[in-house]
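Enquirer: This one is protein_4.pdb, PDB, C-alpha atoms.
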```pdb
ATOM      1  CA  MET A   1    -166.805 -32.570 -90.163
ATOM      2  CA  GLN A   2    -167.808 -32.513 -86.524
ATOM      3  CA  ASN A   3    -169.962 -35.412 -85.178
ATOM      4  CA  LYS A   4    -169.330 -37.427 -88.385
ATOM      5  CA  LYS A   5    -168.906 -40.608 -86.350
ATOM      6  CA  ILE A   6    -172.226 -40.078 -84.521
ATOM      7  CA  TYR A   7    -174.120 -39.468 -87.770
ATOM      8  CA  LEU A   8    -172.560 -42.547 -89.376
ATOM      9  CA  GLN A   9    -173.484 -44.656 -86.348
ATOM     10  CA  ARG A  10    -177.078 -43.385 -86.416
ATOM     11  CA  LEU A  11    -177.365 -44.139 -90.128
ATOM     12  CA  LEU A  12    -175.917 -47.591 -89.558
ATOM     13  CA  VAL A  13    -178.527 -48.288 -86.842
ATOM     14  CA  ILE A  14    -181.314 -47.161 -89.221
ATOM     15  CA  TYR A  15    -179.804 -49.253 -92.031
ATOM     16  CA  ILE A  16    -179.597 -52.382 -89.868
ATOM     17  CA  THR A  17    -183.090 -51.883 -88.376
ATOM     18  CA  PHE A  18    -184.525 -51.408 -91.850
ATOM     19  CA  PHE A  19    -182.786 -54.549 -93.088
ATOM     20  CA  VAL A  20    -183.960 -56.615 -90.085
ATOM     21  CA  ILE A  21    -187.572 -55.434 -90.533
ATOM     22  CA  LEU A  22    -187.406 -56.256 -94.257
ATOM     23  CA  VAL A  23    -186.008 -59.728 -93.689
ATOM     24  CA  GLY A  24    -188.410 -60.368 -90.778
ATOM     25  CA  GLY A  25    -191.372 -59.165 -92.804
ATOM     26  CA  PHE A  26    -190.278 -61.359 -95.689
ATOM     27  CA  VAL A  27    -189.878 -64.463 -93.555
ATOM     28  CA  TRP A  28    -192.925 -64.085 -91.296
ATOM     29  CA  ASP A  29    -195.393 -62.390 -93.594
ATOM     30  CA  ILE A  30    -194.581 -62.413 -97.306
ATOM     31  CA  ILE A  31    -193.239 -65.956 -97.696
ATOM     32  CA  PRO A  32    -196.141 -67.701 -95.849
ATOM     33  CA  ASN A  33    -198.735 -65.623 -97.755
ATOM     34  CA  LEU A  34    -196.891 -66.167-101.028
ATOM     35  CA  THR A  35    -196.659 -69.905-100.376
ATOM     36  CA  GLN A  36    -200.356 -70.101 -99.569
ATOM     37  CA  GLY A  37    -201.180 -67.978-102.626
ATOM     38  CA  ILE A  38    -199.056 -70.175-104.897
ATOM     39  CA  GLU A  39    -200.705 -73.333-103.561
ATOM     40  CA  GLU A  40    -204.184 -71.874-103.974
ATOM     41  CA  GLY A  41    -203.336 -70.518-107.431
ATOM     42  CA  THR A  42    -201.892 -73.861-108.526
ATOM     43  CA  ARG A  43    -204.951 -75.710-107.288
ATOM     44  CA  VAL A  44    -207.372 -73.354-109.043
ATOM     45  CA  GLY A  45    -205.232 -73.352-112.197
ATOM     46  CA  ASN A  46    -205.176 -77.151-112.300
ATOM     47  CA  GLU A  47    -208.958 -77.307-111.825
ATOM     48  CA  MET A  48    -209.488 -74.753-114.598
ATOM     49  CA  ALA A  49    -207.191 -76.656-116.939
ATOM     50  CA  SER A  50    -208.927 -79.939-116.127
ATOM     51  CA  ASP A  51    -212.388 -78.439-116.780
ATOM     52  CA  TYR A  52    -211.101 -76.889-120.031
ATOM     53  CA  GLU A  53    -209.753 -80.229-121.228
ATOM     54  CA  GLN A  54    -213.106 -81.846-120.517
ATOM     55  CA  VAL A  55    -214.716 -79.266-122.840
ATOM     56  CA  SER A  56    -216.696 -77.771-119.928
ATOM     57  CA  PRO A  57    -214.663 -74.689-119.092
ATOM     58  CA  LYS A  58    -215.455 -73.120-115.758
ATOM     59  CA  ALA A  59    -214.385 -69.772-114.439
ATOM     60  CA  HIS A  60    -212.839 -69.878-110.961
ATOM     61  CA  TYR A  61    -212.348 -66.655-109.101
ATOM     62  CA  LEU A  62    -211.526 -65.669-105.582
ATOM     63  CA  PHE A  63    -212.638 -62.960-103.172
ATOM     64  CA  TRP A  64    -210.866 -62.324 -99.899
ATOM     65  CA  ASN A  65    -211.338 -60.138 -96.838
ATOM     66  CA  ILE A  66    -214.700 -58.851 -98.077
ATOM     67  CA  PRO A  67    -216.099 -56.623 -95.307
ATOM     68  CA  ILE A  68    -219.552 -57.744 -94.234
ATOM     69  CA  GLU A  69    -221.921 -55.101 -92.935
ATOM     70  CA  GLN A  70    -224.682 -57.392 -91.906
ATOM     71  CA  SER A  71    -224.906 -61.121 -91.408
ATOM     72  CA  ASP A  72    -226.894 -63.540 -89.293
ATOM     73  CA  SER A  73    -225.375 -64.262 -85.932
ATOM     74  CA  PHE A  74    -224.640 -67.851 -84.972
ATOM     75  CA  THR A  75    -223.849 -69.763 -81.798
ATOM     76  CA  ILE A  76    -220.326 -71.131 -81.349
ATOM     77  CA  PRO A  77    -220.209 -74.347 -79.305
ATOM     78  CA  THR A  78    -218.226 -74.225 -76.057
ATOM     79  CA  GLN A  79    -217.254 -76.818 -73.485
ATOM     80  CA  VAL A  80    -217.634 -74.427 -70.571
ATOM     81  CA  GLU A  81    -220.947 -74.684 -68.772
ATOM     82  CA  ASN A  82    -223.227 -71.642 -68.657
ATOM     83  CA  ARG A  83    -221.133 -69.814 -71.260
ATOM     84  CA  GLU A  84    -222.727 -68.677 -74.487
ATOM     85  CA  ILE A  85    -220.650 -67.527 -77.455
ATOM     86  CA  VAL A  86    -222.370 -65.765 -80.310
ATOM     87  CA  GLY A  87    -220.428 -65.035 -83.471
ATOM     88  CA  GLN A  88    -220.968 -62.786 -86.407
ATOM     89  CA  ILE A  89    -219.039 -62.678 -89.648
ATOM     90  CA  SER A  90    -217.304 -59.364 -90.316
ATOM     91  CA  THR A  91    -215.069 -60.390 -93.224
ATOM     92  CA  LEU A  92    -215.519 -63.187 -95.708
ATOM     93  CA  SER A  93    -213.234 -64.931 -98.167
ATOM     94  CA  PHE A  94    -214.773 -67.236-100.758
ATOM     95  CA  SER A  95    -214.272 -68.728-104.183
ATOM     96  CA  VAL A  96    -216.764 -68.928-107.050
ATOM     97  CA  LYS A  97    -216.960 -71.529-109.794
ATOM     98  CA  GLU A  98    -219.329 -71.058-112.750
ATOM     99  CA  PRO A  99    -219.574 -72.005-116.452
ATOM    100  CA  ALA A 100    -217.450 -69.846-118.773
ATOM    101  CA  GLU A 101    -218.249 -70.939-122.306
ATOM    102  CA  GLU A 102    -217.018 -67.959-124.301
ATOM    103  CA  ARG A 103    -213.885 -66.900-122.450
ATOM    104  CA  SER A 104    -210.291 -67.698-123.315
ATOM    105  CA  ILE A 105    -208.127 -69.495-120.742
ATOM    106  CA  LEU A 106    -205.907 -66.392-120.546
ATOM    107  CA  HIS A 107    -208.840 -64.144-119.725
ATOM    108  CA  MET A 108    -210.017 -66.604-117.061
ATOM    109  CA  ALA A 109    -206.517 -66.718-115.573
ATOM    110  CA  PHE A 110    -206.275 -62.943-115.231
ATOM    111  CA  ALA A 111    -209.832 -62.746-113.896
ATOM    112  CA  ALA A 112    -208.991 -65.114-111.021
ATOM    113  CA  ILE A 113    -209.275 -62.253-108.531
ATOM    114  CA  GLY A 114    -212.772 -60.842-108.284
ATOM    115  CA  ASN A 115    -213.664 -62.036-111.805
ATOM    116  CA  SER A 116    -211.977 -58.970-113.313
ATOM    117  CA  PRO A 117    -208.554 -58.490-114.948
ATOM    118  CA  LEU A 118    -208.735 -54.843-113.815
ATOM    119  CA  ILE A 119    -208.884 -55.892-110.153
ATOM    120  CA  TYR A 120    -205.969 -58.273-110.784
ATOM    121  CA  ALA A 121    -203.938 -55.451-112.379
ATOM    122  CA  LEU A 122    -204.724 -53.018-109.546
ATOM    123  CA  MET A 123    -203.723 -55.523-106.838
ATOM    124  CA  ILE A 124    -200.494 -56.476-108.611
ATOM    125  CA  GLY A 125    -199.710 -52.804-109.290
ATOM    126  CA  SER A 126    -200.251 -51.949-105.630
ATOM    127  CA  ALA A 127    -198.050 -54.837-104.494
ATOM    128  CA  LEU A 128    -195.237 -53.985-106.936
ATOM    129  CA  CYS A 129    -194.935 -50.427-105.597
ATOM    130  CA  PHE A 130    -193.596 -51.766-102.315
ATOM    131  CA  PRO A 131    -190.322 -53.347-103.579
ATOM    132  CA  VAL A 132    -189.666 -50.196-105.623
ATOM    133  CA  ILE A 133    -190.033 -48.108-102.440
ATOM    134  CA  VAL A 134    -187.575 -50.414-100.659
ATOM    135  CA  VAL A 135    -185.002 -50.074-103.459
ATOM    136  CA  LEU A 136    -185.328 -46.266-103.530
ATOM    137  CA  LEU A 137    -184.880 -46.130 -99.759
ATOM    138  CA  PHE A 138    -181.680 -48.151-100.032
ATOM    139  CA  PHE A 139    -180.397 -45.651-102.632
ATOM    140  CA  ILE A 140    -181.111 -42.719-100.325
ATOM    141  CA  ILE A 141    -179.437 -44.314 -97.294
ATOM    142  CA  ARG A 142    -176.406 -45.318 -99.386
ATOM    143  CA  SER A 143    -176.093 -41.808-100.855
ATOM    144  CA  VAL A 144    -176.254 -40.136 -97.433
ATOM    145  CA  ARG A 145    -173.689 -42.563 -95.930
ATOM    146  CA  ARG A 146    -171.313 -41.961 -98.846
ATOM    147  CA  SER A 147    -171.678 -38.185 -98.503
ATOM    148  CA  LEU A 148    -170.874 -38.406 -94.790
ATOM    149  CA  ARG A 149    -167.832 -40.647 -95.297
ATOM    150  CA  GLU A 150    -166.390 -38.474 -98.078
ATOM    151  CA  GLU A 151    -167.541 -35.201 -96.427
ATOM    152  CA  LEU A 152    -169.320 -34.084 -99.585
ATOM    153  CA  PRO A 153    -172.695 -32.332 -99.791
ATOM    154  CA  VAL A 154    -175.701 -34.685-100.023
ATOM    155  CA  GLY A 155    -176.825 -35.003-103.646
ATOM    156  CA  LYS A 156    -179.728 -33.011-105.071
ATOM    157  CA  ASN A 157    -181.390 -36.141-106.461
ATOM    158  CA  ASN A 158    -182.177 -37.387-102.931
ATOM    159  CA  ALA A 159    -185.066 -34.914-102.821
ATOM    160  CA  TRP A 160    -186.458 -36.469-106.016
ATOM    161  CA  LEU A 161    -185.999 -39.973-104.587
ATOM    162  CA  LEU A 162    -187.988 -38.923-101.496
ATOM    163  CA  ARG A 163    -190.713 -37.419-103.708
ATOM    164  CA  ALA A 164    -190.836 -40.664-105.702
ATOM    165  CA  ILE A 165    -191.205 -42.690-102.481
ATOM    166  CA  ALA A 166    -194.004 -40.356-101.332
ATOM    167  CA  ALA A 167    -195.810 -40.698-104.663
ATOM    168  CA  LEU A 168    -195.431 -44.500-104.608
ATOM    169  CA  THR A 169    -196.711 -44.674-101.014
ATOM    170  CA  ILE A 170    -199.847 -42.747-101.962
ATOM    171  CA  LEU A 171    -200.206 -44.731-105.205
ATOM    172  CA  THR A 172    -199.942 -48.074-103.370
ATOM    173  CA  GLU A 173    -202.768 -47.057-101.075
ATOM    174  CA  LEU A 174    -204.983 -45.691-103.866
ATOM    175  CA  LEU A 175    -204.471 -48.681-106.187
ATOM    176  CA  GLY A 176    -205.004 -51.178-103.388
ATOM    177  CA  GLN A 177    -208.161 -49.505-102.096
ATOM    178  CA  LEU A 178    -209.550 -49.067-105.628
ATOM    179  CA  GLY A 179    -209.006 -52.782-106.244
ATOM    180  CA  MET A 180    -210.692 -53.663-102.932
ATOM    181  CA  TRP A 181    -213.625 -51.350-103.699
ATOM    182  CA  LEU A 182    -214.168 -52.993-107.105
ATOM    183  CA  MET A 183    -213.827 -56.450-105.533
ATOM    184  CA  ASN A 184    -216.316 -55.547-102.771
ATOM    185  CA  SER A 185    -218.797 -54.248-105.364
ATOM    186  CA  LYS A 186    -218.542 -57.488-107.355
ATOM    187  CA  ALA A 187    -218.845 -59.548-104.164
ATOM    188  CA  ALA A 188    -222.005 -57.614-103.242
ATOM    189  CA  GLU A 189    -223.569 -58.625-106.577
ATOM    190  CA  ILE A 190    -222.631 -62.282-106.106
ATOM    191  CA  LEU A 191    -223.782 -62.440-102.474
ATOM    192  CA  ALA A 192    -227.068 -60.619-103.149
ATOM    193  CA  GLY A 193    -229.878 -62.518-101.431
ATOM    194  CA  SER A 194    -227.490 -64.779 -99.495
ATOM    195  CA  GLY A 195    -227.989 -63.072 -96.122
ATOM    196  CA  TYR A 196    -224.535 -61.446 -96.252
ATOM    197  CA  VAL A 197    -224.624 -57.699 -96.896
ATOM    198  CA  VAL A 198    -221.290 -56.366 -98.161
ATOM    199  CA  LYS A 199    -219.869 -52.958 -97.226
ATOM    200  CA  THR A 200    -219.283 -51.313-100.587
ATOM    201  CA  GLY A 201    -218.073 -47.866 -99.547
ATOM    202  CA  PHE A 202    -214.609 -46.660-100.605
ATOM    203  CA  GLN A 203    -212.203 -46.878 -97.689
ATOM    204  CA  PHE A 204    -208.899 -45.089 -97.191
ATOM    205  CA  ASN A 205    -206.151 -45.941 -94.806
ATOM    206  CA  ILE A 206    -205.607 -42.348 -93.661
ATOM    207  CA  SER A 207    -202.313 -43.140 -91.918
ATOM    208  CA  THR A 208    -200.706 -44.295 -95.183
ATOM    209  CA  LEU A 209    -201.840 -41.151 -96.986
ATOM    210  CA  VAL A 210    -200.576 -38.955 -94.153
ATOM    211  CA  MET A 211    -197.230 -40.773 -94.307
ATOM    212  CA  GLY A 212    -197.016 -40.046 -98.049
ATOM    213  CA  ILE A 213    -197.701 -36.359 -97.452
ATOM    214  CA  LEU A 214    -195.133 -36.246 -94.633
ATOM    215  CA  LEU A 215    -192.542 -37.712 -97.003
ATOM    216  CA  LEU A 216    -193.375 -35.016 -99.587
ATOM    217  CA  PHE A 217    -192.910 -32.404 -96.886
ATOM    218  CA  ALA A 218    -189.576 -33.988 -95.867
ATOM    219  CA  ALA A 219    -188.415 -33.832 -99.508
ATOM    220  CA  GLU A 220    -189.230 -30.103 -99.663
ATOM    221  CA  MET A 221    -187.470 -29.486 -96.343
ATOM    222  CA  PHE A 222    -184.408 -31.321 -97.640
ATOM    223  CA  GLU A 223    -184.320 -29.293-100.865
ATOM    224  CA  ILE A 224    -184.884 -25.961 -99.106
ATOM    225  CA  GLY A 225    -182.192 -26.813 -96.545
ATOM    226  CA  ARG A 226    -179.787 -27.723 -99.315
ATOM    227  CA  GLU A 227    -180.452 -24.482-101.241
ATOM    228  CA  LEU A 228    -179.996 -22.401 -98.091
ATOM    229  CA  GLY A 229    -176.778 -24.273 -97.351
ATOM    230  CA  GLU A 230    -175.498 -23.548-100.860
ATOM    231  CA  GLU A 231    -176.335 -19.844-100.456
ATOM    232  CA  GLN A 232    -174.604 -19.810 -97.088
ATOM    233  CA  LYS A 233    -171.499 -21.311 -98.697
ATOM    234  CA  LEU A 234    -171.544 -18.532-101.282
ATOM    235  CA  THR A 235    -171.660 -15.857 -98.554
ATOM    236  CA  ILE A 236    -168.103 -14.494 -98.377
TER     237      ILE A 236
ATOM    238  CA  MET B 237    -177.619 -10.397-110.396
ATOM    239  CA  ALA B 238    -177.769  -6.571-110.484
ATOM    240  CA  ILE B 239    -174.890  -6.059-108.003
ATOM    241  CA  ILE B 240    -171.488  -6.150-109.744
ATOM    242  CA  ILE B 241    -168.185  -6.549-107.849
ATOM    243  CA  ASN B 242    -165.310  -4.619-109.451
ATOM    244  CA  ILE B 243    -162.610  -5.776-107.088
ATOM    245  CA  ASP B 244    -160.186  -6.687-109.893
ATOM    246  CA  VAL B 245    -159.998  -3.007-110.944
ATOM    247  CA  MET B 246    -158.930  -1.920-107.428
ATOM    248  CA  MET B 247    -156.547  -4.892-107.163
ATOM    249  CA  ALA B 248    -154.838  -3.798-110.402
ATOM    250  CA  LYS B 249    -154.606  -0.169-109.140
ATOM    251  CA  ARG B 250    -153.045  -1.265-105.853
ATOM    252  CA  LYS B 251    -150.917  -3.907-107.631
ATOM    253  CA  ILE B 252    -151.912  -6.690-105.291
ATOM    254  CA  SER B 253    -152.454 -10.335-106.299
ATOM    255  CA  LEU B 254    -155.461 -12.459-105.434
ATOM    256  CA  GLY B 255    -153.506 -14.673-103.051
ATOM    257  CA  ALA B 256    -151.906 -11.736-101.239
ATOM    258  CA  LEU B 257    -155.230  -9.923-100.795
ATOM    259  CA  ALA B 258    -156.905 -13.133 -99.604
ATOM    260  CA  GLU B 259    -154.198 -13.592 -96.968
ATOM    261  CA  ARG B 260    -154.510 -10.011 -95.712
ATOM    262  CA  VAL B 261    -158.309 -10.115 -95.628
ATOM    263  CA  GLN B 262    -158.190 -13.590 -93.988
ATOM    264  CA  ILE B 263    -160.406 -15.419 -96.432
ATOM    265  CA  THR B 264    -159.401 -18.264 -98.754
ATOM    266  CA  PRO B 265    -158.240 -17.488-102.328
ATOM    267  CA  ALA B 266    -161.121 -19.690-103.521
ATOM    268  CA  ASN B 267    -163.698 -17.504-101.736
ATOM    269  CA  LEU B 268    -162.057 -14.308-102.994
ATOM    270  CA  SER B 269    -162.162 -15.770-106.486
ATOM    271  CA  ILE B 270    -165.913 -16.482-106.040
ATOM    272  CA  LEU B 271    -166.361 -12.820-105.083
ATOM    273  CA  LYS B 272    -164.253 -11.564-107.991
ATOM    274  CA  ASN B 273    -166.129 -13.716-110.525
ATOM    275  CA  GLY B 274    -169.543 -12.517-109.397
ATOM    276  CA  LYS B 275    -170.691 -15.913-108.113
ATOM    277  CA  ALA B 276    -171.111 -14.822-104.489
ATOM    278  CA  LYS B 277    -174.678 -14.552-103.139
ATOM    279  CA  ALA B 278    -173.850 -12.294-100.191
ATOM    280  CA  ILE B 279    -170.925 -10.558 -98.489
ATOM    281  CA  ARG B 280    -170.448  -9.961 -94.777
ATOM    282  CA  PHE B 281    -169.793  -6.411 -93.571
ATOM    283  CA  SER B 282    -166.666  -7.661 -91.815
ATOM    284  CA  THR B 283    -165.309  -9.003 -95.133
ATOM    285  CA  LEU B 284    -166.222  -5.764 -96.974
ATOM    286  CA  GLU B 285    -164.546  -3.736 -94.232
ATOM    287  CA  ALA B 286    -161.364  -5.829 -94.496
ATOM    288  CA  ILE B 287    -161.247  -5.524 -98.315
ATOM    289  CA  CYS B 288    -161.782  -1.757 -98.215
ATOM    290  CA  ARG B 289    -159.076  -1.427 -95.545
ATOM    291  CA  GLU B 290    -156.515  -3.430 -97.539
ATOM    292  CA  LEU B 291    -157.340  -1.786-100.891
ATOM    293  CA  ASP B 292    -157.718   1.666 -99.313
ATOM    294  CA  CYS B 293    -161.015   2.370-101.034
ATOM    295  CA  GLN B 294    -164.707   2.938-100.414
ATOM    296  CA  PRO B 295    -167.370   0.216-100.749
ATOM    297  CA  GLY B 296    -168.769   2.102-103.747
ATOM    298  CA  ASP B 297    -165.403   1.677-105.507
ATOM    299  CA  ILE B 298    -165.780  -2.069-105.598
ATOM    300  CA  ILE B 299    -169.577  -2.561-105.570
ATOM    301  CA  GLU B 300    -171.733  -1.281-108.410
ATOM    302  CA  TYR B 301    -175.490  -1.516-109.027
ATOM    303  CA  ARG B 302    -176.432  -2.247-112.617
ATOM    304  CA  PRO B 303    -180.173  -2.945-113.074
ATOM    305  CA  ASP B 304    -181.156  -6.169-114.870
ATOM    306  CA  THR B 305    -182.336  -5.554-118.491
ATOM    307  CA  GLU B 306    -185.826  -7.069-117.840
ATOM    308  CA  GLU B 307    -186.477  -4.405-115.182
TER     309      GLU B 307
END
```
Would you write the structure of this file as structure tokens?

Expert:
Amino acid sequence: MQNKKIYLQRLLVIYITFFVILVGGFVWDIIPNLTQGIEEGTRVGNEMASDYEQVSPKAHYLFWNIPIEQSDSFTIPTQVENREIVGQISTLSFSVKEPAEERSILHMAFAAIGNSPLIYALMIGSALCFPVIVVLLFFIIRSVRRSLREELPVGKNNAWLLRAIAALTILTELLGQLGMWLMNSKAAEILAGSGYVVKTGFQFNISTLVMGILLLFAAEMFEIGRELGEEQKLTI
Amino acid sequence: MAIIINIDVMMAKRKISLGALAERVQITPANLSILKNGKAKAIRFSTLEAICRELDCQPGDIIEYRPDTEE
């Protein structure tokens, strides 16, 4: 095959870049957030257990990055003369603690996000899609590299892997935004009358959806190209 | 497919083997076998010309149209 070396080098560069971004993302983003989440979860869990043991069970639940449409502005102190800094809250994270007489400890645990096990399930579901996408991408890259090395046609299942990645990309976005919308709605109820007005509209990250559709298109292009290649091979 | 290739009939008449015909027509025996077994999707005019020249026949002697039953 002509240009085999160039294609292999390009794939290797993509492979290495992908790996570096994964590791970097893990070290700089996922691990710190996970560590903070584990600490916060442990603290809340210990408080819940302690309240439960004292026969005064309390529900603890968290809200984070709630978009605020309207809040009172406030002055931020500064050491520079004649400078005035006025702040306004645009997102809010808070925790709620209230009596929970008739709920099991398991129900309270799974309602720790937004006071709803459904929100918990949606957020976890959205987060779990990402490692699956990463694994599928590794399969595709490995399959293409093997095909190049052995000079064999690229497998038909790569189109299905791409379609699966596209579906998971769109699903991640939909599940995550549905969870956020439910959480924002619950936060609006809790913050009613507090001076903080929550934005409760459903929001999409259009770029993620467009990326999912582009991946679907790429899968179709791959399959069509493969079929045409097969037909060309069978032209004597 | 409705187009049938009857090249084996002409090969038997001219007493020529698959390998020998493939060499004269300058295609691989594997490709000629694909043609003979009806698995080919298309044939180039240059290939058809070469086959007809070597088998001394007309295209209609080796290509037949037989409509599909569902038509």

Enquirer: Edge lengths and centre in Å to one decimal, as lines of an AutoDock Vina configuration file, of the axis-aligned box that encloses all listed atoms of segment 286-303 of chain B with 8 Å added on every side?

Expert:
```
center_x = -168.3
center_y = -1.4
center_z = -103.8
size_x = 39.7
size_y = 24.8
size_z = 34.6
```

Enquirer: Please identify all residues of chain A having at least one atom at most 7 Å from any atom of chain B, considering all atoms listed in the file, and return them as JSON, numbers by chain.

Expert: {"A": [231, 234, 235, 236]}

Enquirer: Which value, in Å to one decimal, gives the distance between atom CA of Asp51 of chain A and atom CA of Ile105 of chain A?

Expert: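 The value is 10.7 Å.
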
Enquirer: I'd like to know which of B:Met237, B:Leu291, B:Gly274, B:Glu259 is closest to Asp304 of chain B, using only C-alpha atoms.

Expert: B:Met237

Enquirer: Considering all atoms listed in the file, state which residue in the set B:Asn242, B:Ala248, B:Ala258, B:Ala266 is at the smallest distance from Glu290 of chain B.

Expert: B:Ala258

Enquirer: Please enumerate the residues selected by the PyMOL selection byres ((chain A and resi 93) around 6) when evaluated against the supplied file, formatted as a compact mmCIF listing (two decimals) with C-alpha atoms, in the coordinates of the input.

Expert:
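Just written: expr-v5.txt:
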```txt
# COMPACT_ATOMS: atom_id res chain seq x y z
CA PHE A 63 -212.64 -62.96 -103.17
CA TRP A 64 -210.87 -62.32 -99.90
CA ASN A 65 -211.34 -60.14 -96.84
CA LEU A 92 -215.52 -63.19 -95.71
CA PHE A 94 -214.77 -67.24 -100.76
```

Enquirer: Taking the file as I've supplied it (selection: the PyMOL selection byres ((chain A and resi 129) around 10)), which residues are included? Please answer as number ranges by chain.

Expert: A: 124-128, 130-134, 165, 167-173, 175

Enquirer: Given the file shown, enumerate the residues that the PyMOL selection byres ((chain A and resi 202) around 12) captures and present them as an MDAnalysis selection string.

Expert: chainID A and resid 67 173:185 199:201 203:205

Enquirer: As an exercise, work out the distance from atom CA of Glu98 of chain A to atom CA of Glu47 of chain A in Å and give it to one decimal place.

Expert: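 One can read the atom CA of Glu98 of chain A to atom CA of Glu47 of chain A distance as 12.1 Å.
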
Enquirer: Can you take segment 193-204 of chain A from the block and write N, CA and C atoms as a compact mmCIF listing (two decimals), in the first residue's frame?

Expert:
```txt
# COMPACT_ATOMS: atom_id res chain seq x y z
N GLY A 193 -38.65 33.11 47.26
CA GLY A 193 -38.76 34.13 48.32
C GLY A 193 -37.44 34.50 48.95
N SER A 194 -36.32 33.94 48.45
CA SER A 194 -35.02 34.24 49.08
C SER A 194 -34.32 35.42 48.42
N GLY A 195 -34.87 35.93 47.31
CA GLY A 195 -34.20 37.00 46.59
C GLY A 195 -33.39 36.48 45.42
N TYR A 196 -33.20 35.18 45.32
CA TYR A 196 -32.49 34.57 44.19
C TYR A 196 -33.52 33.93 43.26
N VAL A 197 -33.55 34.41 42.02
CA VAL A 197 -34.49 33.86 41.04
C VAL A 197 -33.70 32.93 40.12
N VAL A 198 -34.13 31.67 40.06
CA VAL A 198 -33.38 30.65 39.31
C VAL A 198 -33.86 30.60 37.86
N LYS A 199 -32.90 30.43 36.95
CA LYS A 199 -33.27 30.20 35.53
C LYS A 199 -33.69 28.76 35.39
N THR A 200 -34.94 28.52 35.00
CA THR A 200 -35.43 27.14 34.96
C THR A 200 -35.63 26.62 33.53
N GLY A 201 -35.25 27.38 32.54
CA GLY A 201 -35.43 26.91 31.17
C GLY A 201 -34.49 25.76 30.84
N PHE A 202 -34.89 24.91 29.88
CA PHE A 202 -34.05 23.79 29.45
C PHE A 202 -32.96 24.31 28.53
N GLN A 203 -31.71 23.96 28.85
CA GLN A 203 -30.61 24.48 28.04
C GLN A 203 -29.86 23.36 27.35
N PHE A 204 -29.52 23.58 26.09
CA PHE A 204 -28.72 22.61 25.34
C PHE A 204 -27.36 23.19 25.07
```
